[in-house]
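Enquirer: Sharing coords_19.tsv, TSV, C-alpha atoms:
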```tsv
chain	number	residue	atom	x	y	z
A	1	MET	CA	99.86	153.70	146.67
A	2	THR	CA	99.95	150.36	144.89
A	3	GLY	CA	97.49	148.21	142.99
A	4	ASP	CA	97.35	144.46	142.39
A	5	LYS	CA	100.54	142.42	142.79
A	6	GLY	CA	102.43	145.35	144.25
A	7	GLN	CA	102.33	147.50	141.12
A	8	PRO	CA	101.60	151.25	141.39
A	9	SER	CA	97.93	151.87	140.70
A	10	ASP	CA	98.85	154.59	138.18
A	11	ILE	CA	101.27	152.43	136.20
A	12	VAL	CA	99.09	152.37	133.06
A	13	ALA	CA	98.80	156.15	133.03
A	14	ARG	CA	102.56	156.42	133.44
A	15	ILE	CA	103.13	153.94	130.62
A	16	ARG	CA	100.96	156.06	128.33
A	17	ALA	CA	102.84	159.22	129.27
A	18	LYS	CA	106.22	157.59	128.71
A	19	ALA	CA	105.04	156.12	125.40
A	20	ALA	CA	104.10	159.61	124.20
A	21	GLU	CA	107.50	160.86	125.31
A	22	CYS	CA	109.11	158.11	123.22
A	23	GLY	CA	107.22	159.23	120.10
A	24	PHE	CA	104.16	156.98	120.10
A	25	VAL	CA	100.84	158.67	119.36
A	26	ALA	CA	98.74	155.65	120.38
A	27	CYS	CA	99.08	153.30	123.34
A	28	GLY	CA	96.68	150.64	124.57
A	29	ILE	CA	96.67	147.60	126.82
A	30	ALA	CA	95.31	144.14	126.04
A	31	ARG	CA	95.34	140.89	127.93
A	32	ALA	CA	97.63	138.32	126.32
A	33	ASP	CA	94.61	136.16	125.46
A	34	ALA	CA	92.47	139.04	124.17
A	35	ALA	CA	92.42	138.00	120.50
A	36	PRO	CA	91.46	134.31	120.70
A	37	ARG	CA	90.45	133.87	117.05
A	38	THR	CA	93.76	135.08	115.65
A	39	ALA	CA	95.31	131.61	115.31
A	40	GLU	CA	92.21	130.21	113.61
A	41	ARG	CA	91.99	133.06	111.10
A	42	LEU	CA	95.70	132.84	110.35
A	43	ARG	CA	95.42	129.11	109.75
A	44	GLU	CA	92.52	129.59	107.34
A	45	TRP	CA	94.48	132.21	105.39
A	46	LEU	CA	97.54	129.99	105.18
A	47	ASP	CA	95.51	126.92	104.18
A	48	GLU	CA	94.02	128.93	101.31
A	49	GLY	CA	97.54	129.72	100.12
A	50	ARG	CA	96.89	133.46	100.20
A	51	HIS	CA	100.31	134.17	101.72
A	52	GLY	CA	101.99	133.33	98.43
A	53	SER	CA	105.73	132.78	98.80
A	54	MET	CA	105.91	134.24	102.34
A	55	ILE	CA	106.96	130.89	103.79
A	56	TRP	CA	108.05	132.58	107.00
A	57	MET	CA	104.37	133.24	107.76
A	58	GLU	CA	103.75	129.51	107.79
A	59	GLU	CA	106.96	128.34	109.45
A	60	ARG	CA	106.21	130.15	112.73
A	61	SER	CA	102.43	130.24	112.47
A	62	GLN	CA	101.90	128.51	115.81
A	63	GLN	CA	103.93	131.16	117.65
A	64	ARG	CA	102.30	133.90	115.59
A	65	GLY	CA	98.82	132.73	116.54
A	66	SER	CA	98.93	133.84	120.17
A	67	PRO	CA	101.30	135.78	122.45
A	68	ALA	CA	101.53	132.90	124.92
A	69	ALA	CA	102.65	130.51	122.18
A	70	LEU	CA	105.64	132.78	121.59
A	71	TRP	CA	106.37	133.53	125.25
A	72	SER	CA	104.51	131.57	127.91
A	73	GLU	CA	105.13	134.13	130.66
A	74	VAL	CA	103.34	137.03	128.98
A	75	ARG	CA	100.32	138.40	130.83
A	76	SER	CA	99.67	141.73	129.10
A	77	VAL	CA	100.40	143.29	125.73
A	78	ILE	CA	101.17	146.98	125.38
A	79	ALA	CA	100.17	147.92	121.83
A	80	LEU	CA	101.77	151.03	120.39
A	81	GLY	CA	101.35	153.12	117.27
A	82	MET	CA	103.71	155.67	115.71
A	83	SER	CA	102.31	158.01	113.06
A	84	TYR	CA	103.67	158.37	109.55
A	85	ALA	CA	100.74	160.42	108.24
A	86	PRO	CA	101.81	161.93	104.90
A	87	ALA	CA	101.89	165.64	104.21
A	88	VAL	CA	101.05	165.12	100.53
A	89	ASP	CA	98.48	163.06	98.64
A	90	PRO	CA	99.87	159.51	98.19
A	91	LEU	CA	97.91	159.23	94.92
A	92	ALA	CA	99.30	162.42	93.37
A	93	LEU	CA	101.67	160.62	90.96
A	94	ALA	CA	99.12	158.14	89.69
A	95	GLU	CA	99.10	159.59	86.17
A	96	VAL	CA	102.76	160.64	85.93
A	97	GLY	CA	104.05	157.84	83.75
A	98	ASP	CA	107.79	158.49	83.77
A	99	ARG	CA	108.00	158.59	87.58
A	100	GLY	CA	107.83	155.76	90.08
A	101	ARG	CA	105.57	155.69	93.12
A	102	ILE	CA	107.05	154.62	96.45
A	103	SER	CA	104.72	153.81	99.32
A	104	VAL	CA	104.53	156.58	101.90
A	105	TYR	CA	105.89	154.41	104.71
A	106	ALA	CA	109.15	153.76	102.83
A	107	GLN	CA	110.03	157.32	101.81
A	108	GLY	CA	111.75	158.20	105.09
A	109	SER	CA	113.98	156.39	107.56
A	110	ASP	CA	113.62	152.66	108.06
A	111	TYR	CA	110.68	152.23	110.44
A	112	HIS	CA	112.17	149.02	111.84
A	113	ASP	CA	115.04	151.01	113.32
A	114	VAL	CA	112.99	154.00	114.47
A	115	VAL	CA	110.17	152.05	116.13
A	116	LYS	CA	112.50	149.45	117.65
A	117	LYS	CA	114.63	152.18	119.26
A	118	ALA	CA	111.52	153.77	120.79
A	119	LEU	CA	110.21	150.40	122.00
A	120	LYS	CA	113.52	149.62	123.66
A	121	ALA	CA	113.56	152.99	125.41
A	122	LEU	CA	110.03	152.43	126.72
A	123	GLY	CA	110.85	148.86	127.68
A	124	ARG	CA	113.98	149.84	129.62
A	125	TRP	CA	112.00	152.44	131.54
A	126	LEU	CA	109.18	150.01	132.33
A	127	ALA	CA	111.56	147.29	133.51
A	128	GLN	CA	113.30	149.76	135.81
A	129	GLU	CA	110.03	151.14	137.15
A	130	SER	CA	108.24	147.84	137.73
A	131	GLY	CA	110.85	145.10	137.83
A	132	CYS	CA	108.86	143.16	135.22
A	133	ASP	CA	110.17	140.95	132.46
A	134	LEU	CA	109.26	142.01	128.94
A	135	LYS	CA	109.98	141.58	125.24
A	136	VAL	CA	109.65	144.19	122.48
A	137	PHE	CA	108.54	143.47	118.91
A	138	VAL	CA	108.20	145.36	115.65
A	139	ASP	CA	107.16	143.66	112.44
A	140	THR	CA	109.91	141.07	111.99
A	141	ALA	CA	108.88	138.81	114.92
A	142	PRO	CA	105.99	136.30	114.76
A	143	VAL	CA	103.51	138.73	116.33
A	144	MET	CA	100.04	139.63	115.02
A	145	GLU	CA	100.19	143.33	115.81
A	146	LYS	CA	96.92	144.28	114.13
A	147	PRO	CA	94.47	142.06	116.06
A	148	LEU	CA	96.35	142.81	119.28
A	149	SER	CA	96.15	146.54	118.57
A	150	GLU	CA	92.43	146.18	117.91
A	151	ALA	CA	92.02	144.36	121.23
A	152	ALA	CA	93.97	147.16	122.93
A	153	GLY	CA	91.67	149.82	121.51
A	154	LEU	CA	94.09	151.49	119.07
A	155	GLY	CA	91.76	150.95	116.12
A	156	TRP	CA	90.07	148.21	114.15
A	157	GLN	CA	91.12	146.03	111.25
A	158	GLY	CA	89.35	147.58	108.31
A	159	LYS	CA	88.03	145.92	105.19
A	160	HIS	CA	91.53	146.29	103.70
A	161	THR	CA	92.80	144.21	106.70
A	162	ASN	CA	95.02	147.06	107.97
A	163	LEU	CA	94.45	148.90	111.22
A	164	VAL	CA	92.27	152.03	111.07
A	165	SER	CA	92.41	154.59	113.87
A	166	ARG	CA	89.71	157.17	114.56
A	167	ASP	CA	92.48	159.67	115.29
A	168	HIS	CA	95.28	158.70	112.92
A	169	GLY	CA	93.54	157.04	109.99
A	170	SER	CA	95.50	154.29	108.29
A	171	TRP	CA	98.94	155.74	108.95
A	172	LEU	CA	100.34	153.94	112.00
A	173	PHE	CA	103.44	151.82	112.41
A	174	LEU	CA	102.65	149.22	115.06
A	175	GLY	CA	104.82	147.81	117.80
A	176	ALA	CA	104.17	145.66	120.85
A	177	ILE	CA	105.63	145.05	124.27
A	178	TYR	CA	104.86	141.70	125.90
A	179	THR	CA	105.13	141.93	129.67
A	180	THR	CA	104.67	139.79	132.76
A	181	LEU	CA	102.68	142.60	134.37
A	182	ASP	CA	98.96	142.16	134.89
A	183	LEU	CA	97.76	145.50	133.55
A	184	ALA	CA	94.20	146.79	133.38
A	185	PRO	CA	93.14	146.28	129.74
A	186	ASP	CA	91.52	148.87	127.52
A	187	VAL	CA	88.20	148.36	125.76
A	188	ALA	CA	88.63	146.76	122.35
A	189	ALA	CA	88.00	149.00	119.35
A	190	ARG	CA	84.71	148.71	117.47
A	191	ASP	CA	84.61	148.22	113.70
A	192	ARG	CA	83.50	151.51	112.15
A	193	CYS	CA	83.82	150.70	108.44
A	194	GLY	CA	80.06	150.49	108.08
A	195	SER	CA	78.89	150.15	104.47
A	196	CYS	CA	81.98	151.89	103.05
A	197	ASP	CA	83.86	149.86	100.45
A	198	ALA	CA	86.23	152.54	99.14
A	199	CYS	CA	89.32	150.44	99.84
A	200	GLN	CA	87.86	147.43	98.04
A	201	ARG	CA	87.04	149.46	94.95
A	202	ALA	CA	90.43	151.20	94.93
A	203	CYS	CA	92.52	148.03	94.56
A	204	PRO	CA	93.81	147.89	90.95
A	205	THR	CA	94.56	144.17	91.06
A	206	ASP	CA	91.44	142.93	92.90
A	207	ALA	CA	93.41	141.64	95.88
A	208	PHE	CA	90.34	141.53	98.14
A	209	PRO	CA	88.23	138.40	97.48
A	210	ALA	CA	85.84	139.72	100.16
A	211	PRO	CA	85.81	142.49	102.77
A	212	TYR	CA	88.36	141.82	105.52
A	213	ARG	CA	90.06	139.20	103.33
A	214	LEU	CA	93.33	139.79	101.46
A	215	ASP	CA	94.91	137.60	98.81
A	216	ALA	CA	98.54	138.66	99.07
A	217	ARG	CA	99.31	136.99	95.74
A	218	ARG	CA	97.39	139.79	94.01
A	219	CYS	CA	98.50	142.63	96.27
A	220	ILE	CA	100.90	145.14	94.73
A	221	SER	CA	102.75	145.55	98.02
A	222	TYR	CA	103.43	141.82	98.05
A	223	LEU	CA	104.28	141.68	94.35
A	224	THR	CA	106.76	144.56	94.45
A	225	ILE	CA	108.36	143.78	97.83
A	226	GLU	CA	107.99	140.17	98.98
A	227	HIS	CA	107.73	138.38	95.64
A	228	ALA	CA	111.12	137.60	94.11
A	229	GLY	CA	110.06	136.03	90.79
A	230	PRO	CA	108.39	137.46	87.72
A	231	ILE	CA	105.25	139.46	88.44
A	232	PRO	CA	102.33	137.55	86.85
A	233	VAL	CA	101.65	138.94	83.38
A	234	GLU	CA	97.94	139.36	84.04
A	235	LEU	CA	98.67	141.66	87.01
A	236	ARG	CA	101.39	143.84	85.47
A	237	ALA	CA	99.13	146.48	83.97
A	238	GLY	CA	97.46	146.94	87.38
A	239	VAL	CA	100.82	147.68	88.98
A	240	GLY	CA	100.90	150.97	87.10
A	241	ASN	CA	103.89	153.06	88.16
A	242	ARG	CA	104.16	151.61	91.68
A	243	ILE	CA	107.75	150.51	92.25
A	244	TYR	CA	107.66	149.79	95.99
A	245	GLY	CA	104.43	149.01	97.77
A	246	CYS	CA	101.00	150.52	97.23
A	247	ASP	CA	98.99	153.05	99.25
A	248	ASP	CA	95.74	153.02	97.31
A	249	CYS	CA	93.52	151.09	99.72
A	250	LEU	CA	94.88	153.09	102.65
A	251	ALA	CA	94.81	156.48	100.95
A	252	VAL	CA	91.11	156.36	100.04
A	253	CYS	CA	89.92	155.54	103.57
A	254	PRO	CA	87.59	158.32	104.78
A	255	TRP	CA	88.99	158.08	108.30
A	256	ASN	CA	92.23	159.64	107.05
A	257	LYS	CA	90.56	163.05	107.22
A	258	PHE	CA	91.30	162.93	110.94
A	259	ALA	CA	94.98	162.11	110.46
A	260	ASP	CA	97.31	165.02	111.16
A	261	ALA	CA	100.63	165.06	109.29
A	262	ALA	CA	102.02	167.21	112.11
A	263	ALA	CA	101.71	164.19	114.41
A	264	ALA	CA	103.99	162.08	112.21
A	265	ASN	CA	107.43	161.21	113.51
A	266	ARG	CA	109.90	163.47	111.71
A	267	ALA	CA	112.11	160.47	110.95
A	268	PHE	CA	109.49	159.36	108.44
A	269	ALA	CA	109.47	162.61	106.48
A	270	GLY	CA	110.02	161.65	102.86
A	271	ARG	CA	113.45	162.02	101.31
A	272	ALA	CA	113.30	164.34	98.30
A	273	GLU	CA	114.80	161.74	95.98
A	274	PHE	CA	111.99	159.30	96.83
A	275	ALA	CA	109.12	161.70	96.17
A	276	ALA	CA	109.02	161.12	92.41
A	277	PRO	CA	112.03	159.08	91.22
A	278	ARG	CA	112.64	158.92	87.47
A	279	LEU	CA	112.13	155.45	86.05
A	280	ALA	CA	114.98	156.06	83.60
A	281	ASP	CA	117.38	156.44	86.55
A	282	LEU	CA	116.14	153.34	88.35
A	283	ILE	CA	116.28	151.05	85.32
A	284	VAL	CA	120.03	151.56	84.89
A	285	LEU	CA	120.99	151.01	88.55
A	286	ASP	CA	123.71	148.47	89.25
A	287	ASP	CA	124.07	146.85	92.67
A	288	ALA	CA	126.44	149.47	94.05
A	289	GLY	CA	124.23	152.26	92.76
A	290	PHE	CA	121.16	150.68	94.32
A	291	ARG	CA	122.82	150.39	97.72
A	292	GLU	CA	123.98	153.98	97.57
A	293	VAL	CA	120.56	155.38	96.61
A	294	PHE	CA	118.59	153.37	99.17
A	295	ARG	CA	121.00	153.43	102.12
A	296	GLY	CA	119.08	153.80	105.40
A	297	SER	CA	115.76	153.01	103.73
A	298	PRO	CA	113.52	149.94	104.19
A	299	ILE	CA	113.65	149.67	100.40
A	300	LYS	CA	117.20	148.37	100.58
A	301	ARG	CA	116.00	144.96	101.69
A	302	ILE	CA	114.48	144.03	98.33
A	303	GLY	CA	117.80	144.34	96.52
A	304	ARG	CA	118.73	145.76	93.15
A	305	ASN	CA	117.16	143.13	90.92
A	306	ARG	CA	113.68	143.45	92.39
A	307	MET	CA	113.76	147.25	92.23
A	308	VAL	CA	114.88	147.24	88.59
A	309	ARG	CA	112.21	144.65	87.79
A	310	ASN	CA	109.58	146.91	89.36
A	311	ALA	CA	110.84	149.98	87.50
A	312	LEU	CA	110.70	148.07	84.22
A	313	ILE	CA	107.09	147.02	84.81
A	314	ALA	CA	106.27	150.67	85.53
A	315	ALA	CA	108.10	151.69	82.35
A	316	GLY	CA	106.05	149.22	80.34
A	317	ASN	CA	102.89	150.82	81.74
A	318	SER	CA	104.10	154.39	81.15
A	319	GLY	CA	103.45	154.75	77.42
A	320	ASP	CA	106.60	156.90	77.38
A	321	ARG	CA	108.74	156.05	74.35
A	322	ALA	CA	111.63	158.02	75.84
A	323	LEU	CA	112.17	154.95	78.03
A	324	VAL	CA	112.66	152.58	75.09
A	325	GLU	CA	116.47	152.76	75.07
A	326	PRO	CA	117.13	152.10	78.78
A	327	VAL	CA	114.50	149.35	78.69
A	328	ARG	CA	116.12	147.79	75.64
A	329	ALA	CA	119.50	147.81	77.37
A	330	ALA	CA	117.96	145.98	80.33
A	331	CYS	CA	116.96	143.13	78.01
A	332	GLY	CA	120.59	142.00	78.30
A	333	ASP	CA	120.65	142.05	82.11
A	334	ALA	CA	122.37	139.20	83.91
A	335	ASP	CA	119.24	138.47	85.96
A	336	ALA	CA	116.53	136.39	84.23
A	337	VAL	CA	113.65	138.08	86.07
A	338	VAL	CA	114.93	141.52	85.10
A	339	ARG	CA	115.31	140.40	81.47
A	340	ASP	CA	111.74	139.08	81.45
A	341	ALA	CA	110.37	142.39	82.77
A	342	ALA	CA	112.47	144.33	80.25
A	343	GLU	CA	111.29	142.28	77.29
A	344	TRP	CA	107.66	142.71	78.36
A	345	ALA	CA	108.12	146.45	78.86
A	346	LEU	CA	109.88	146.88	75.52
A	347	ALA	CA	107.07	145.12	73.65
A	348	ARG	CA	104.55	147.40	75.38
A	349	LEU	CA	106.47	150.59	74.59
A	350	GLU	CA	107.14	149.66	70.97
A	351	SER	CA	103.43	149.15	70.45
A	352	VAL	CA	102.60	152.70	71.57
```
Using C-alpha cells, write down the structure that the file contains.
Expert:
Amino acid sequence: MTGDKGQPSDIVARIRAKAAECGFVACGIARADAAPRTAERLREWLDEGRHGSMIWMEERSQQRGSPAALWSEVRSVIALGMSYAPAVDPLALAEVGDRGRISVYAQGSDYHDVVKKALKALGRWLAQESGCDLKVFVDTAPVMEKPLSEAAGLGWQGKHTNLVSRDHGSWLFLGAIYTTLDLAPDVAARDRCGSCDACQRACPTDAFPAPYRLDARRCISYLTIEHAGPIPVELRAGVGNRIYGCDDCLAVCPWNKFADAAAANRAFAGRAEFAAPRLADLIVLDDAGFREVFRGSPIKRIGRNRMVRNALIAAGNSGDRALVEPVRAACGDADAVVRDAAEWALARLESV
C-alpha cells in the first residue's frame, strides 16, 4: 500500500522506528517552510549585535534563515533529538572553589561525532527505502535546529531560547535530515513555560535582556567557548568556577523532572576526569597536555589557551590561596590573554 507520490503510507511510522533504533529518543516531521519567522528573528538578533564575535552566524545568515535557502529541493525536515540527560545534579559543584565545572553536554564523547553517525545511518536507510535525496545536519551547518524542532513537535523554545521537551526536559542534542520526500507533518509544539522565569533568574551574568531573548555576549557558554579574547572584567565574577559552558538556565527548568538519565545515550556518560577537574591541574597545562587530556571531547576545539584562561578566571573566583603559586606562574605565559587572566586572578587571590 502506498501514499502520495508513490511513498509507502506507513513511511513516517517506519522513520520513527528506525530513528529510535539509531539512538534518537525524539523524532518529528515538519514542512520545510514550517518556521517562516526564523529568518526575521535571526536578522533582528544579528542587527542588535547579540551574536558577539560569532561572525559565522552572520556570514551564512541567509542560508540559515530557511531550509530552502540552503537546499532548494527540500520538502520536509525530519527533526531528531538524542538525550544526554545527566545522572547527577549539574549544579552540584557550584560552591566547590578549587574545582572547575564543565557543562554536562561536554563531559562525554563529542556529540558532533555521535549524532552525525546516527544521522548518517538513518539517512542511508531512508534513501534505500524511499529513493529520496536527503542531507543530514548537526550543529555545524547553517541550520536553525531549534525552531525546526519546535515546528516538528519535539518541544518548544523556552525563555532561555533552548528547546524544552515535555519528555526529556532541556537535555537533547538536535539533528536534522532535509529530504525531498513530502511527509505528513506533526503538530507544532506549544509553549508551556507559562509564568515560570526560573531560567531568567538563574543566569549569573544577566544574559537574558527579556524572556526568549539571549545576548550571547553576556552568556557564560559563549564567553568560555566561542569568545577568544579576554573575558570582560565586569562579567568575570559571574563566571564562577565554570570552565567550559554553563548549565544553570537549563538545570533549573522544572520540566527536567520528566527527564530520565536512563534514556541518555551511553556515549555521553561523563568521563571521570571531567566530573570535577582540579583548577591547579588545568592552569599548568601546556598544548600537548591539553590535547592529551581532552582527546575525543568537544572541549578540544577551544584549544589550550582558552581553557587555561577559563581556569584562571575560576581560580580568581575561588578564594583559594593554595592556587596562588600556579596562578603566579601563569603571569609569565606566552599568550597575552592568558597573562591578563592570570594577573587578574592573582590580584583577587592576594586580596583574600
Enquirer: Please indicate the distance in Å from CA of Ile29 (chain A) to CA of Ala184 (chain A), rounded to one decimal place.
Expert: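 Between CA of Ile29 (chain A) and CA of Ala184 (chain A) the gap is 7.1 Å.
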Enquirer: Could you check how far CA of Ala188 (chain A) sits from CA of Val77 (chain A), in Å to one decimal?
Expert: 12.7 Å
Enquirer: Hey, which of A:Ala264, A:Cys246, A:Ile15, A:Ala141 ends up closest to Leu91 (chain A)? Count all atoms listed in the file.
Expert: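 For Leu91 (chain A), the nearest of the candidates is A:Cys246.
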Enquirer: Have a look at CA of Lys135 (chain A) and CA of Tyr178 (chain A) and let me know their distance in Å, one decimal.
Expert: 5.2 Å
Enquirer: So which one's closest to Gly175 (chain A), A:Asp281, A:Asp113, A:Asp286, A:Glu129? Using only C-alpha atoms, please.
Expert: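 When distances to Gly175 (chain A) are compared using only C-alpha atoms, the smallest one comes from A:Asp113.
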Enquirer: Using all atoms listed in the file, give me every residue within 10 Å of (104.2, 140.4, 115.8) in file coordinates, as a PyMOL selection string.
Expert: chain A and resi 63-67+70+136-148+174-177
Enquirer: Show me, as a compact mmCIF listing (two decimals) with C-alpha atoms, in the coordinates of the input, the residues that have an atom within 10 Å of Leu126 (chain A) when counting all atoms listed in the file, minus same-chain residues fewer than 3 positions from it.
Expert:
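For reference, selection29.txt as written:
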```
# COMPACT_ATOMS: atom_id res chain seq x y z
CA ILE A 11 101.27 152.43 136.20
CA ARG A 14 102.56 156.42 133.44
CA ILE A 15 103.13 153.94 130.62
CA LYS A 18 106.22 157.59 128.71
CA LYS A 120 113.52 149.62 123.66
CA ALA A 121 113.56 152.99 125.41
CA LEU A 122 110.03 152.43 126.72
CA GLY A 123 110.85 148.86 127.68
CA GLU A 129 110.03 151.14 137.15
CA SER A 130 108.24 147.84 137.73
CA GLY A 131 110.85 145.10 137.83
CA CYS A 132 108.86 143.16 135.22
CA ASP A 133 110.17 140.95 132.46
CA LEU A 134 109.26 142.01 128.94
CA THR A 179 105.13 141.93 129.67
```
Enquirer: Sorted by chain and rising residue number, list the residues of region 108-156 of chain A at most 7 Å from region 296-309 of chain A (counting only C-alpha atoms), each with its closest atom pair and distance in Å to one decimal, as a tab-separated table.
Expert:
```
residue	atom	partner	partner_atom	distance
A:Gly108	CA	A:Ser297	CA	6.7
A:Ser109	CA	A:Ser297	CA	5.4
A:Asp110	CA	A:Pro298	CA	4.7
```
Enquirer: Pick the closest to Arg242 (chain A) from A:Met82, A:Met57, A:Leu93, A:Cys203: which is it, counting all atoms listed in the file?
Expert: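 Of the candidates, the smallest distance to Arg242 (chain A) is held by A:Leu93.
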Enquirer: Restricting the calculation to only C-alpha atoms, which member of A:Asp340, A:Glu350, A:Asp167, A:Glu44 is positioned closest to Arg213 (chain A)?
Expert: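 Checking each candidate against Arg213 (chain A), we get A:Glu44 as the closest.
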